[in-house]
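Okay, model-v4.csv is below, CSV, C-alpha atoms:
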chain,number,residue,atom,x,y,z
A,211,MET,CA,21.6,-154.3,42.2
A,212,ILE,CA,24.6,-156.2,40.7
A,213,ALA,CA,25.4,-159.8,41.4
A,214,PRO,CA,28.1,-160.3,44.0
A,215,GLN,CA,31.4,-161.5,42.5
A,216,PRO,CA,33.8,-163.9,44.0
A,217,LEU,CA,36.7,-162.5,46.0
A,218,ALA,CA,39.7,-161.5,43.9
A,219,GLN,CA,37.8,-162.2,40.7
A,220,PRO,CA,39.8,-160.5,38.0
A,221,THR,CA,38.1,-157.7,36.1
A,222,TYR,CA,39.0,-155.9,32.9
A,223,ASP,CA,38.2,-152.6,31.2
A,224,CYS,CA,38.8,-151.3,27.7
A,225,PRO,CA,37.3,-149.0,25.2
A,226,ALA,CA,33.7,-149.7,24.2
A,227,THR,CA,33.5,-150.6,20.5
A,228,LEU,CA,29.7,-150.7,19.9
A,229,ASN,CA,27.6,-147.7,19.1
A,230,ASP,CA,23.9,-147.0,19.8
A,231,ARG,CA,22.6,-148.8,16.7
A,232,GLN,CA,24.8,-151.9,17.4
A,233,VAL,CA,23.6,-152.1,21.0
A,234,VAL,CA,20.0,-151.9,19.8
A,235,ASP,CA,20.7,-154.6,17.3
A,236,PHE,CA,22.2,-156.8,20.0
A,237,CYS,CA,19.0,-156.3,22.0
A,238,ARG,CA,16.9,-157.2,18.9
A,239,ASN,CA,18.9,-160.3,17.9
A,240,GLY,CA,20.2,-161.6,21.2
A,241,PHE,CA,23.6,-162.3,19.7
A,242,LEU,CA,26.5,-160.6,17.8
A,243,VAL,CA,29.0,-162.5,15.6
A,244,LEU,CA,32.5,-161.1,15.2
A,245,PRO,CA,34.2,-163.0,12.4
A,246,ALA,CA,38.0,-163.8,12.5
A,247,VAL,CA,38.8,-161.3,15.3
A,248,VAL,CA,41.5,-163.6,16.9
A,249,PRO,CA,44.8,-163.7,15.1
A,250,ASP,CA,45.8,-166.9,13.4
A,251,GLU,CA,48.9,-167.5,15.6
A,252,ILE,CA,46.7,-167.4,18.8
A,253,ASN,CA,44.1,-169.6,17.2
A,254,ARG,CA,46.9,-172.2,16.4
A,255,ARG,CA,48.2,-172.1,20.0
A,256,VAL,CA,44.6,-172.6,21.3
A,257,VAL,CA,44.1,-175.5,19.0
A,258,ASP,CA,47.3,-177.1,20.2
A,259,TYR,CA,46.3,-176.6,23.8
A,260,LEU,CA,42.9,-178.2,23.2
A,261,GLY,CA,44.5,-181.0,21.3
A,262,ALA,CA,46.3,-181.9,24.5
A,263,HIS,CA,43.4,-181.2,26.9
A,264,HIS,CA,40.3,-183.2,25.9
A,265,GLU,CA,38.2,-182.4,28.9
A,266,HIS,CA,34.8,-180.8,28.6
A,267,GLU,CA,35.9,-178.0,30.9
A,268,PRO,CA,39.6,-177.1,30.0
A,269,SER,CA,39.5,-174.1,32.4
A,270,GLY,CA,43.3,-174.3,32.7
A,271,ILE,CA,43.4,-172.3,29.5
A,272,ILE,CA,42.2,-169.3,31.5
A,273,GLY,CA,45.6,-169.2,33.1
A,274,GLN,CA,47.5,-169.0,29.8
A,275,PRO,CA,48.6,-165.4,29.2
A,276,ILE,CA,48.3,-165.7,25.4
A,277,PHE,CA,44.7,-166.8,25.7
A,278,VAL,CA,43.9,-164.1,28.2
A,279,GLU,CA,45.4,-161.4,26.1
A,280,GLY,CA,44.5,-162.7,22.6
A,281,VAL,CA,41.0,-164.1,23.3
A,282,LEU,CA,39.5,-163.0,26.6
A,283,LYS,CA,40.8,-159.4,26.2
A,284,ASN,CA,40.7,-159.4,22.4
A,285,PRO,CA,40.0,-155.7,21.5
A,286,GLN,CA,37.0,-156.3,19.3
A,287,ALA,CA,35.4,-159.0,21.5
A,288,ALA,CA,36.2,-157.3,24.8
A,289,GLY,CA,35.2,-154.0,23.4
A,290,ALA,CA,31.8,-155.4,22.6
A,291,VAL,CA,31.6,-156.9,26.0
A,292,ARG,CA,32.6,-153.6,27.5
A,293,SER,CA,29.8,-151.9,25.5
A,294,LEU,CA,27.1,-154.3,26.8
A,295,LEU,CA,28.3,-155.0,30.4
A,296,GLY,CA,29.9,-151.7,31.3
A,297,ALA,CA,33.3,-150.9,32.8
A,298,ASN,CA,35.3,-153.4,34.8
A,299,PHE,CA,33.5,-156.6,33.8
A,300,THR,CA,34.7,-159.8,35.3
A,301,LEU,CA,36.8,-162.2,33.2
A,302,PRO,CA,35.6,-165.7,32.8
A,303,ASN,CA,36.3,-168.2,35.6
A,304,LEU,CA,35.0,-171.3,33.8
A,305,MET,CA,35.8,-172.6,30.3
A,306,SER,CA,33.7,-175.2,28.4
A,307,ASN,CA,34.7,-176.8,25.2
A,308,HIS,CA,31.9,-178.3,23.0
A,309,ARG,CA,34.0,-180.9,21.2
A,310,GLY,CA,31.7,-181.8,18.3
A,311,PRO,CA,32.3,-185.1,16.6
A,312,MET,CA,32.4,-185.2,12.8
A,313,PRO,CA,30.4,-186.5,11.1
A,314,TRP,CA,27.4,-186.1,13.3
A,315,PRO,CA,24.4,-186.8,11.1
A,316,HIS,CA,21.5,-186.0,13.4
A,317,GLY,CA,22.6,-182.7,14.9
A,318,GLY,CA,21.6,-181.5,18.3
A,319,GLY,CA,18.3,-180.4,19.6
A,320,TRP,CA,17.2,-176.9,20.1
A,321,HIS,CA,17.7,-175.7,23.7
A,322,ARG,CA,18.4,-172.8,26.0
A,323,ASP,CA,21.2,-173.4,28.5
A,324,GLY,CA,20.3,-174.4,32.0
A,325,ALA,CA,19.3,-171.8,34.5
A,326,SER,CA,18.1,-169.4,31.9
A,327,VAL,CA,15.9,-166.6,33.2
A,328,TYR,CA,13.8,-164.2,31.2
A,329,THR,CA,14.5,-160.6,32.0
A,330,PRO,CA,15.3,-157.2,30.3
A,331,ARG,CA,18.5,-157.2,32.5
A,332,LEU,CA,21.8,-158.1,30.9
A,333,ASP,CA,24.0,-159.1,33.8
A,334,TYR,CA,26.2,-161.5,31.9
A,335,LEU,CA,27.1,-162.6,28.4
A,336,GLN,CA,27.7,-166.1,27.1
A,337,VAL,CA,30.4,-166.0,24.6
A,338,PHE,CA,31.6,-168.6,22.1
A,339,TYR,CA,34.9,-168.9,20.2
A,340,TYR,CA,35.9,-171.0,17.2
A,341,PRO,CA,39.7,-171.4,17.2
A,342,GLU,CA,39.4,-173.1,13.8
A,343,ALA,CA,37.3,-172.3,10.8
A,344,CYS,CA,33.9,-173.9,11.2
A,345,THR,CA,32.1,-174.6,8.0
A,346,ASP,CA,28.4,-175.5,7.6
A,347,GLY,CA,29.5,-179.1,7.1
A,348,MET,CA,31.3,-179.2,10.5
A,349,GLY,CA,28.1,-178.7,12.4
A,350,PRO,CA,28.3,-175.1,13.6
A,351,THR,CA,26.0,-173.7,16.3
A,352,GLU,CA,22.7,-172.2,15.0
A,353,VAL,CA,21.0,-169.5,16.9
A,354,LEU,CA,17.4,-168.2,16.7
A,355,PRO,CA,17.4,-164.3,16.6
A,356,GLY,CA,15.0,-162.8,19.2
A,357,SER,CA,14.5,-166.1,21.0
A,358,HIS,CA,16.0,-164.6,24.2
A,359,PHE,CA,12.5,-163.2,24.6
A,360,MET,CA,10.6,-166.4,23.9
A,361,ARG,CA,9.8,-168.3,27.1
A,362,THR,CA,9.8,-172.0,27.2
A,363,LYS,CA,11.7,-175.0,28.7
A,364,SER,CA,14.5,-176.9,27.0
A,365,THR,CA,12.5,-180.1,27.5
A,366,LEU,CA,9.7,-178.7,25.5
A,367,MET,CA,11.9,-177.8,22.5
A,368,SER,CA,13.2,-181.2,21.8
A,369,HIS,CA,10.8,-181.9,18.9
A,370,TYR,CA,11.5,-178.7,17.1
A,371,GLY,CA,13.2,-179.0,13.7
A,372,LYS,CA,13.9,-176.3,11.1
A,373,ILE,CA,12.9,-172.8,12.3
A,374,ALA,CA,12.5,-170.0,9.9
A,375,GLY,CA,15.0,-167.2,10.5
A,376,ALA,CA,17.5,-169.3,12.4
A,377,VAL,CA,21.1,-168.2,11.7
A,378,SER,CA,24.3,-170.2,11.4
A,379,THR,CA,27.4,-169.0,13.2
A,380,ALA,CA,29.7,-170.7,10.8
A,381,GLY,CA,32.8,-168.6,10.3
A,382,PRO,CA,36.5,-168.4,9.8
A,383,ALA,CA,39.1,-169.3,12.5
A,384,GLY,CA,39.1,-166.8,15.3
A,385,THR,CA,35.3,-166.1,15.1
A,386,ILE,CA,33.8,-165.0,18.4
A,387,PHE,CA,30.1,-164.6,19.0
A,388,LEU,CA,28.4,-163.0,22.0
A,389,THR,CA,24.9,-164.1,23.1
A,390,VAL,CA,22.2,-163.4,25.7
A,391,TYR,CA,22.4,-166.5,27.9
A,392,SER,CA,18.8,-167.6,27.3
A,393,ILE,CA,19.0,-167.6,23.5
A,394,TRP,CA,17.8,-170.7,21.7
A,395,HIS,CA,20.5,-172.6,19.9
A,396,ARG,CA,21.6,-176.0,18.7
A,397,ARG,CA,24.5,-177.7,17.0
A,398,THR,CA,23.6,-178.4,13.4
A,399,ARG,CA,24.4,-181.7,11.8
A,400,SER,CA,28.0,-182.4,10.7
A,401,THR,CA,28.1,-183.9,7.2
A,402,ILE,CA,31.9,-184.3,6.8
A,403,ASP,CA,34.3,-186.9,8.0
A,404,GLY,CA,36.6,-185.3,10.5
A,405,LYS,CA,38.9,-188.4,10.5
A,406,GLY,CA,39.1,-188.3,14.2
A,407,ARG,CA,39.2,-184.6,14.6
A,408,VAL,CA,36.5,-182.7,16.5
A,409,ARG,CA,35.0,-179.3,16.1
A,410,ASN,CA,36.2,-177.2,19.0
A,411,LEU,CA,33.9,-174.5,20.3
A,412,LEU,CA,34.9,-172.7,23.5
A,413,LYS,CA,32.2,-171.2,25.7
A,414,TYR,CA,32.6,-168.8,28.6
A,415,ASN,CA,30.8,-166.0,30.5
A,416,TYR,CA,31.6,-162.4,31.4
A,417,TRP,CA,29.7,-160.7,34.2
A,418,ARG,CA,28.8,-157.1,34.9
A,419,THR,CA,30.1,-155.3,37.9
A,420,ALA,CA,28.8,-151.8,37.1
A,421,GLU,CA,25.3,-150.4,37.1
A,422,PRO,CA,24.0,-150.1,33.6
A,423,LYS,CA,24.4,-146.8,31.8
A,424,ARG,CA,24.8,-145.6,28.2
A,425,ASP,CA,28.5,-145.4,28.1
A,426,TRP,CA,29.2,-147.2,24.8
A,427,ILE,CA,29.8,-145.1,21.6
A,428,VAL,CA,27.0,-142.6,21.8
A,429,ASP,CA,25.7,-141.1,18.6
A,430,PRO,CA,24.2,-137.7,19.6
A,431,ALA,CA,22.5,-137.3,16.2
A,432,LEU,CA,20.7,-140.6,16.3
A,433,ASP,CA,16.9,-140.2,16.5
A,434,PHE,CA,15.5,-143.2,18.4
A,435,ASN,CA,12.2,-142.6,16.7
A,436,THR,CA,13.7,-143.9,13.5
A,437,LEU,CA,15.0,-147.3,14.8
A,438,ASP,CA,13.3,-150.6,14.2
A,439,PHE,CA,13.4,-152.5,17.5
A,440,ASP,CA,11.6,-155.6,16.2
A,441,PRO,CA,13.7,-158.7,16.1
A,442,PRO,CA,14.4,-160.0,12.5
A,443,THR,CA,12.2,-162.9,13.5
A,444,ALA,CA,9.2,-160.7,14.2
A,445,GLN,CA,6.9,-163.4,12.8
A,446,LEU,CA,7.6,-165.5,15.9
A,447,PHE,CA,6.0,-162.9,18.1
A,448,GLU,CA,2.6,-161.3,18.3
A,449,GLN,CA,2.8,-158.0,16.5
A,450,PHE,CA,5.3,-155.6,18.1
A,451,GLN,CA,5.8,-157.7,21.2
A,452,GLY,CA,9.4,-158.4,20.1
A,453,ALA,CA,10.0,-154.7,19.7
A,454,LEU,CA,8.6,-153.9,23.1
A,455,ALA,CA,10.9,-156.5,24.7
A,456,ALA,CA,14.0,-155.3,22.8
A,457,SER,CA,13.3,-151.7,23.7
A,458,GLU,CA,12.9,-152.6,27.3
A,459,MET,CA,16.3,-154.4,27.3
A,460,PHE,CA,17.9,-151.4,25.6
A,461,CYS,CA,16.4,-149.0,28.2
A,462,TRP,CA,17.7,-151.2,31.0
A,463,LEU,CA,21.2,-151.1,29.4
A,464,CYS,CA,20.9,-147.3,29.3
A,465,GLY,CA,20.0,-147.2,33.0
A,466,LEU,CA,16.6,-146.0,32.0
A,467,GLN,CA,14.6,-149.0,33.3
A,468,ASN,CA,12.3,-146.6,35.3
A,469,GLU,CA,11.5,-144.6,32.2
A,470,HIS,CA,10.4,-147.5,30.0
A,471,HIS,CA,6.7,-148.3,30.1
A,472,ARG,CA,4.6,-150.6,28.0
A,473,TRP,CA,2.1,-147.9,27.2
A,474,GLY,CA,0.6,-150.0,24.4
A,475,GLY,CA,-1.2,-148.7,21.4
A,476,GLN,CA,1.1,-146.8,19.0
A,477,ALA,CA,3.6,-145.7,21.6
A,478,TRP,CA,7.4,-146.0,21.0
A,479,PRO,CA,9.0,-148.0,19.6
A,480,ILE,CA,6.5,-149.6,17.3
A,481,VAL,CA,6.2,-147.0,14.5
A,482,PRO,CA,9.8,-146.2,13.3
A,483,GLY,CA,9.9,-142.9,11.5
A,484,ALA,CA,6.9,-141.3,13.3
A,485,ARG,CA,7.0,-138.9,16.2
A,486,GLN,CA,6.0,-141.5,18.8
A,487,MET,CA,4.5,-141.1,22.2
A,488,GLY,CA,6.1,-142.7,25.2
A,489,MET,CA,9.8,-142.5,24.4
A,490,PRO,CA,11.9,-142.2,27.6
A,491,PRO,CA,12.7,-138.5,28.0
A,492,ALA,CA,16.5,-139.2,28.2
A,493,LEU,CA,16.4,-140.7,24.7
A,494,GLN,CA,14.5,-137.7,23.4
A,495,GLN,CA,17.5,-135.6,24.1
A,496,ASN,CA,18.9,-137.0,20.9
A,497,THR,CA,15.7,-136.2,19.0
A,498,ARG,CA,15.8,-132.6,20.3
A,499,SER,CA,19.4,-132.1,19.2
A,500,THR,CA,18.6,-133.5,15.8
A,501,ALA,CA,15.5,-131.3,15.5
A,502,ARG,CA,17.6,-128.3,16.4
A,503,SER,CA,20.2,-129.2,13.8
A,504,ASN,CA,17.5,-129.5,11.1
A,505,ALA,CA,16.0,-126.2,12.1
A,506,ASN,CA,19.4,-124.5,11.4
A,507,LEU,CA,19.5,-125.8,7.9
B,248,MET,CA,-6.6,-196.0,-0.1
B,249,THR,CA,-7.6,-195.4,-3.7
B,250,ASP,CA,-6.9,-199.1,-4.5
B,251,LEU,CA,-9.0,-200.2,-1.5
B,252,ARG,CA,-11.9,-198.0,-2.7
B,253,ALA,CA,-11.7,-199.4,-6.2
B,254,SER,CA,-11.6,-203.0,-4.9
B,255,ALA,CA,-14.7,-202.3,-2.7
B,256,GLU,CA,-16.6,-200.7,-5.7
B,257,GLN,CA,-15.7,-203.8,-7.8
B,258,CYS,CA,-17.1,-206.0,-5.1
B,259,LEU,CA,-20.2,-204.0,-4.9
B,260,GLU,CA,-20.8,-204.2,-8.7
B,261,LYS,CA,-20.3,-208.0,-8.5
B,262,PHE,CA,-22.7,-208.2,-5.6
B,263,ARG,CA,-25.3,-206.4,-7.6
B,264,ALA,CA,-24.7,-208.7,-10.6
B,265,GLY,CA,-24.9,-211.7,-8.4
B,266,THR,CA,-21.2,-212.8,-9.1
B,267,LEU,CA,-19.5,-211.9,-5.9
B,268,SER,CA,-17.3,-214.7,-4.7
B,269,GLU,CA,-15.3,-215.5,-1.6
B,270,SER,CA,-12.0,-214.8,-3.5
B,271,ASP,CA,-13.3,-211.3,-4.4
B,272,LEU,CA,-13.9,-210.6,-0.7
B,273,GLN,CA,-10.5,-212.1,0.2
B,274,SER,CA,-8.9,-209.7,-2.3
B,275,LEU,CA,-10.7,-206.9,-0.7
B,276,VAL,CA,-9.4,-207.9,2.8
B,277,ASP,CA,-5.9,-208.3,1.4
B,278,ALA,CA,-6.0,-204.8,0.0
B,279,ILE,CA,-6.5,-203.4,3.5
B,280,PRO,CA,-3.0,-202.2,4.8
B,281,LYS,CA,-1.6,-204.0,7.8
B,282,ASN,CA,0.8,-203.0,10.5
B,283,LEU,CA,0.3,-199.3,9.9
B,284,ARG,CA,2.5,-197.0,11.9
B,285,GLN,CA,1.7,-193.5,13.0
B,286,SER,CA,3.8,-190.7,11.6
B,287,LEU,CA,3.9,-187.3,13.2
B,288,LEU,CA,4.3,-183.8,11.7
B,289,TYR,CA,4.7,-180.8,13.9
B,290,ILE,CA,4.1,-177.5,12.3
B,291,GLN,CA,4.6,-174.2,14.2
B,292,ALA,CA,2.6,-171.4,12.6
B,293,PRO,CA,2.4,-167.6,13.1
B,294,SER,CA,-1.4,-167.8,13.9
B,295,SER,CA,-4.0,-170.3,14.9
B,296,HIS,CA,-5.5,-170.4,11.4
B,297,PRO,CA,-5.6,-174.0,10.2
B,298,HIS,CA,-4.4,-172.9,6.7
B,299,SER,CA,-1.6,-170.8,8.1
B,300,SER,CA,1.9,-170.5,6.8
B,301,VAL,CA,4.8,-172.3,8.4
B,302,ILE,CA,7.5,-170.9,10.7
B,303,GLY,CA,8.8,-174.2,12.1
B,304,MET,CA,8.5,-177.9,11.2
B,305,SER,CA,9.7,-181.3,12.2
B,306,ILE,CA,8.6,-184.7,11.0
B,307,PHE,CA,8.8,-188.1,12.6
B,308,GLU,CA,8.3,-190.6,9.8
B,309,GLU,CA,10.5,-193.3,8.4
B,310,GLY,CA,12.6,-192.1,5.5
B,311,LYS,CA,12.1,-188.4,6.1
B,312,ASP,CA,14.4,-185.7,7.4
B,313,SER,CA,13.4,-184.9,11.0
B,314,ASP,CA,13.9,-181.2,10.3
B,315,GLY,CA,11.0,-181.3,7.9
B,316,VAL,CA,13.0,-180.0,5.0
B,317,ASP,CA,13.6,-181.1,1.4
B,318,ALA,CA,16.9,-181.6,-0.3
B,319,ASP,CA,17.3,-177.9,-0.8
B,320,GLY,CA,16.7,-177.2,2.9
B,321,ASN,CA,13.2,-175.8,2.3
B,322,PHE,CA,10.1,-176.7,4.4
B,323,LEU,CA,8.4,-179.9,3.1
B,324,TYR,CA,5.1,-177.9,3.2
B,325,ARG,CA,4.7,-174.2,2.9
B,326,SER,CA,1.5,-174.2,4.8
B,327,ILE,CA,-0.7,-176.4,7.0
B,328,HIS,CA,-3.1,-176.5,4.1
B,329,ALA,CA,-0.4,-178.0,1.9
B,330,ALA,CA,0.2,-180.7,4.5
B,331,LEU,CA,-3.6,-181.5,4.7
B,332,GLN,CA,-3.7,-181.8,0.9
B,333,ASP,CA,-0.9,-184.4,1.2
B,334,GLY,CA,-3.0,-186.6,3.5
B,335,TRP,CA,-2.1,-185.4,7.0
B,336,ARG,CA,-4.8,-184.7,9.5
B,337,ILE,CA,-4.7,-182.4,12.5
B,338,VAL,CA,-4.8,-184.2,15.8
B,339,LYS,CA,-4.0,-181.3,18.1
B,340,PHE,CA,-4.6,-177.6,17.7
B,341,PRO,CA,-2.5,-174.8,19.3
B,342,GLU,CA,-2.5,-174.6,23.1
B,343,MET,CA,-4.6,-171.6,23.9
B,344,THR,CA,-3.6,-171.4,27.5
B,345,LEU,CA,-0.3,-169.9,26.4
B,346,ALA,CA,-2.3,-166.8,25.3
B,347,MET,CA,-3.5,-166.2,28.8
B,348,ASP,CA,-0.4,-164.1,29.4
B,349,ASP,CA,-0.6,-161.7,26.4
B,350,GLN,CA,2.4,-159.6,27.4
B,351,ASN,CA,5.0,-162.4,27.1
B,352,THR,CA,5.8,-164.7,24.2
B,353,TYR,CA,5.8,-168.4,24.9
B,354,ALA,CA,7.3,-171.2,22.9
B,355,LEU,CA,7.4,-171.2,19.1
B,356,GLY,CA,4.4,-169.8,17.4
B,357,HIS,CA,1.1,-171.8,17.3
B,358,GLU,CA,1.8,-175.5,17.2
B,359,PHE,CA,-0.3,-177.9,15.2
B,360,ILE,CA,0.3,-181.7,15.4
B,361,LEU,CA,-0.7,-183.8,12.4
B,362,GLU,CA,-0.6,-187.5,11.8
B,363,ARG,CA,-0.9,-190.0,9.1
B,364,TRP,CA,-0.7,-193.8,9.1
B,365,ARG,CA,1.7,-195.7,6.8

Rewrite the structure from the file as structure tokens, please.
Amino acid sequence: MIAPQPLAQPTYDCPATLNDRQVVDFCRNGFLVLPAVVPDEINRRVVDYLGAHHEHEPSGIIGQPIFVEGVLKNPQAAGAVRSLLGANFTLPNLMSNHRGPMPWPHGGGWHRDGASVYTPRLDYLQVFYYPEACTDGMGPTEVLPGSHFMRTKSTLMSHYGKIAGAVSTAGPAGTIFLTVYSIWHRRTRSTIDGKGRVRNLLKYNYWRTAEPKRDWIVDPALDFNTLDFDPPTAQLFEQFQGALAASEMFCWLCGLQNEHHRWGGQAWPIVPGARQMGMPPALQQNTRSTARSNANL
Amino acid sequence: MTDLRASAEQCLEKFRAGTLSESDLQSLVDAIPKNLRQSLLYIQAPSSHPHSSVIGMSIFEEGKDSDGVDADGNFLYRSIHAALQDGWRIVKFPEMTLAMDDQNTYALGHEFILERWR
């Protein structure tokens, strides 16, 4: 079942740009950073717009053709969205701007955004865009890889400080990063004097309209026995639980949710490189074709 | 604390020698810290072992970075054991009820809360 969409909500389709490995990595990490994918001219126009619109939700920018074409339909970013949400995903209908003051010595607290749910489903993506370069001193957003599988409440995270494995999203102008909505994140402290300027960070959501299926760039030679599904922050989980969660999300994206089972023990995907029990049959098609190729050598 | 112990031992020696005076006792009283305030150290660890390594840290103590890091951005303590060696004491051990659902991951590791008074 797919979430009903508003009447006349615009959708978009484009070529998928992620391959199997990249989709698995997105499931493991819960985010994907695409540095400098928006051209400078568009970044400048967006900064000008935001300089004249200081509201927290400058959704009027969604009506600007240059923004729609250059940012929302940006080939690399929309291609990644297409890979993860399938064909004819909806374009955003709400725009938020996190106008971060500089300096900002204390930083923000760790949180997940409101109304987060924990599920292997990926019905929507929360996407962020820096129209200007964001350095570490400007207080970029920091994300915790794998935390989209770590259940808690924002109100119980407020005392957290440094977390091992957290990743800064600092990057050049035009950087876009895609996230699973429930990922833990925070604004880091800003140590520079912005002299009245703020750090702009736009945030918007895309939604799925198609049932999930493996219609990104498929690598027929990829052996899913060889992939590590554990998040890079595996130490935050009981052994292999992060890999089980990531493989479940990947199978859901493939439309194989009924073939994924938590068999336990040494079943797929916890022992990369071994011939593992329990891999969904549809993913074993790759393994068989690889085995045939090797047999012909 | 060391000064207080040394003062108390001096008083004890004077008492045994029969030379203990009111001013000696007053010095001992004066050596007892006043207006102590509680500091808190949160450590999230990968296991419930009280000497475990650290995966997350925050500190609520005057003059300290609340992220629990040093000037280079490293954890102030590499392990709970290192924090104990520096005078912290554990006041709360990890919440075991979170382990009742063993198929899902809750919160950030195993959280120890430590305190010291300064």

**Report entry** Residue neighbourhood Met367 in chain A, 8 Å, only C-alpha atoms, exclusion window fewer than 3 positions, as a PyMOL selection string
**Finding:** chain A and resi 319-321+362-364+370

Query raised in the report: CA of Pro422 in chain A and CA of Met211 in chain A are how many Å apart?
Result: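 Computing it gives 9.9 Å between the two atoms.
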
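Using all atoms listed in the file, the chain A residues found within 9 Å of chain B amount to His316, Ser357, Phe359, Met360, Arg361, Thr362, Lys363, Leu366, Met367, His369, Tyr370, Gly371, Lys372, Ile373, Ala374, Gly375, Gln445, Leu446, Phe447, Glu448, Gln451, Gly452 and Ala455 of chain A.
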
Report task. Would you mind listing what lies within 6 Å of range 396-409 of chain A as a PyMOL selection string, with only C-alpha atoms counted and same-chain residues fewer than 5 positions away left out? Result -> chain A and resi 309-320+347-352

Report task. Identify which of the residues A:Ile272, A:Ala492, A:Val234, A:Leu463 lies closest to Pro220 in chain A, counting all atoms listed in the file when measuring atom-to-atom distances. Result ->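 Ranking A:Ile272, A:Ala492, A:Val234, A:Leu463 by distance to Pro220 in chain A, first place goes to A:Ile272.
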
Requested in this report: Find the residues near Arg424 in chain A: any atom within 10 Å, counting only C-alpha atoms, skip ones fewer than 5 places away on the same chain, and give them as a VMD selection string.
Outcome: chain A and resid 229 to 230 233 293 to 294 296 460 to 466

Query raised in the report: So how far away is CA of Thr389 in chain A from CA of Phe338 in chain A, in Å?
Result: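 CA of Thr389 in chain A lies at a distance of 8.1 Å from CA of Phe338 in chain A.
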
Report task. Choose the residue, out of A:Asn253, A:Thr419, A:Gln274, A:Asn468, that has the smallest atom-to-atom separation from Glu342 in chain A; count all atoms listed in the file. Result ->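 Checking each of A:Asn253, A:Thr419, A:Gln274, A:Asn468 against Glu342 in chain A, counting all atoms listed in the file, the winner is A:Asn253.
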
Query - Separation of CA of Tyr416 in chain A from CA of Gly240 in chain A in Å - result: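 The value is 15.3 Å.
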
Query raised in the report: Nearest to Lys339 in chain B: which of B:Glu362, B:Glu256, B:Asp317, B:Asp271 is it, counting all atoms listed in the file?
Result: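 That would be B:Glu362, the residue with the smallest distance to Lys339 in chain B.
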
Query - Who sits within 12 Å of His471 in chain A, only C-alpha atoms, same chain under 2 positions skipped, as a list in words - result: Leu454, Ala455, Ser457, Glu458, Met459, Cys461, Trp462, Leu466, Gln467, Asn468, Glu469, Trp473, Gly474, Gly475, Ala477, Trp478, Pro479, Met487, Gly488, Met489, Pro490 and Pro491 of chain A

With C-alpha atoms retained, export the selected residues as a PDB file, in the coordinates of the input.
ATOM      1  CA  LEU A 454       8.600-153.900  23.100  1.00  0.00           C
ATOM      2  CA  ALA A 455      10.900-156.500  24.700  1.00  0.00           C
ATOM      3  CA  SER A 457      13.300-151.700  23.700  1.00  0.00           C
ATOM      4  CA  GLU A 458      12.900-152.600  27.300  1.00  0.00           C
ATOM      5  CA  MET A 459      16.300-154.400  27.300  1.00  0.00           C
ATOM      6  CA  CYS A 461      16.400-149.000  28.200  1.00  0.00           C
ATOM      7  CA  TRP A 462      17.700-151.200  31.000  1.00  0.00           C
ATOM      8  CA  LEU A 466      16.600-146.000  32.000  1.00  0.00           C
ATOM      9  CA  GLN A 467      14.600-149.000  33.300  1.00  0.00           C
ATOM     10  CA  ASN A 468      12.300-146.600  35.300  1.00  0.00           C
ATOM     11  CA  GLU A 469      11.500-144.600  32.200  1.00  0.00           C
ATOM     12  CA  TRP A 473       2.100-147.900  27.200  1.00  0.00           C
ATOM     13  CA  GLY A 474       0.600-150.000  24.400  1.00  0.00           C
ATOM     14  CA  GLY A 475      -1.200-148.700  21.400  1.00  0.00           C
ATOM     15  CA  ALA A 477       3.600-145.700  21.600  1.00  0.00           C
ATOM     16  CA  TRP A 478       7.400-146.000  21.000  1.00  0.00           C
ATOM     17  CA  PRO A 479       9.000-148.000  19.600  1.00  0.00           C
ATOM     18  CA  MET A 487       4.500-141.100  22.200  1.00  0.00           C
ATOM     19  CA  GLY A 488       6.100-142.700  25.200  1.00  0.00           C
ATOM     20  CA  MET A 489       9.800-142.500  24.400  1.00  0.00           C
ATOM     21  CA  PRO A 490      11.900-142.200  27.600  1.00  0.00           C
ATOM     22  CA  PRO A 491      12.700-138.500  28.000  1.00  0.00           C
TER      23      PRO A 491
END

Requested in this report: List the neighbours of range 412-415 of chain A out to 9 Å using only C-alpha atoms; skip same-chain residues closer than 6 positions along the sequence, and give me the result as JSON, numbers by chain.
Outcome: {"A": [300, 301, 302, 303, 304, 305, 306, 307, 308, 309, 334, 335, 336, 337, 338, 339, 340, 341, 391]}

Incomplete range 297-302 of chain A brought to N, CA and C atoms, written out as a compact mmCIF listing (two decimals), keeping the file's coordinate frame:
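Writing the result to selection_5.txt gives the following:
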# COMPACT_ATOMS: atom_id res chain seq x y z
N ALA A 297 31.88 -150.91 32.47
CA ALA A 297 33.30 -150.90 32.80
C ALA A 297 33.59 -152.03 33.85
N ASN A 298 34.82 -152.50 33.80
CA ASN A 298 35.30 -153.40 34.80
C ASN A 298 34.49 -154.71 34.93
N PHE A 299 34.18 -155.29 33.80
CA PHE A 299 33.50 -156.60 33.80
C PHE A 299 34.41 -157.68 34.26
N THR A 300 33.86 -158.74 34.80
CA THR A 300 34.70 -159.80 35.30
C THR A 300 35.15 -160.69 34.08
N LEU A 301 36.34 -161.20 34.16
CA LEU A 301 36.80 -162.20 33.20
C LEU A 301 36.26 -163.54 33.53
N PRO A 302 36.15 -164.41 32.54
CA PRO A 302 35.60 -165.70 32.80
C PRO A 302 36.36 -166.54 33.83
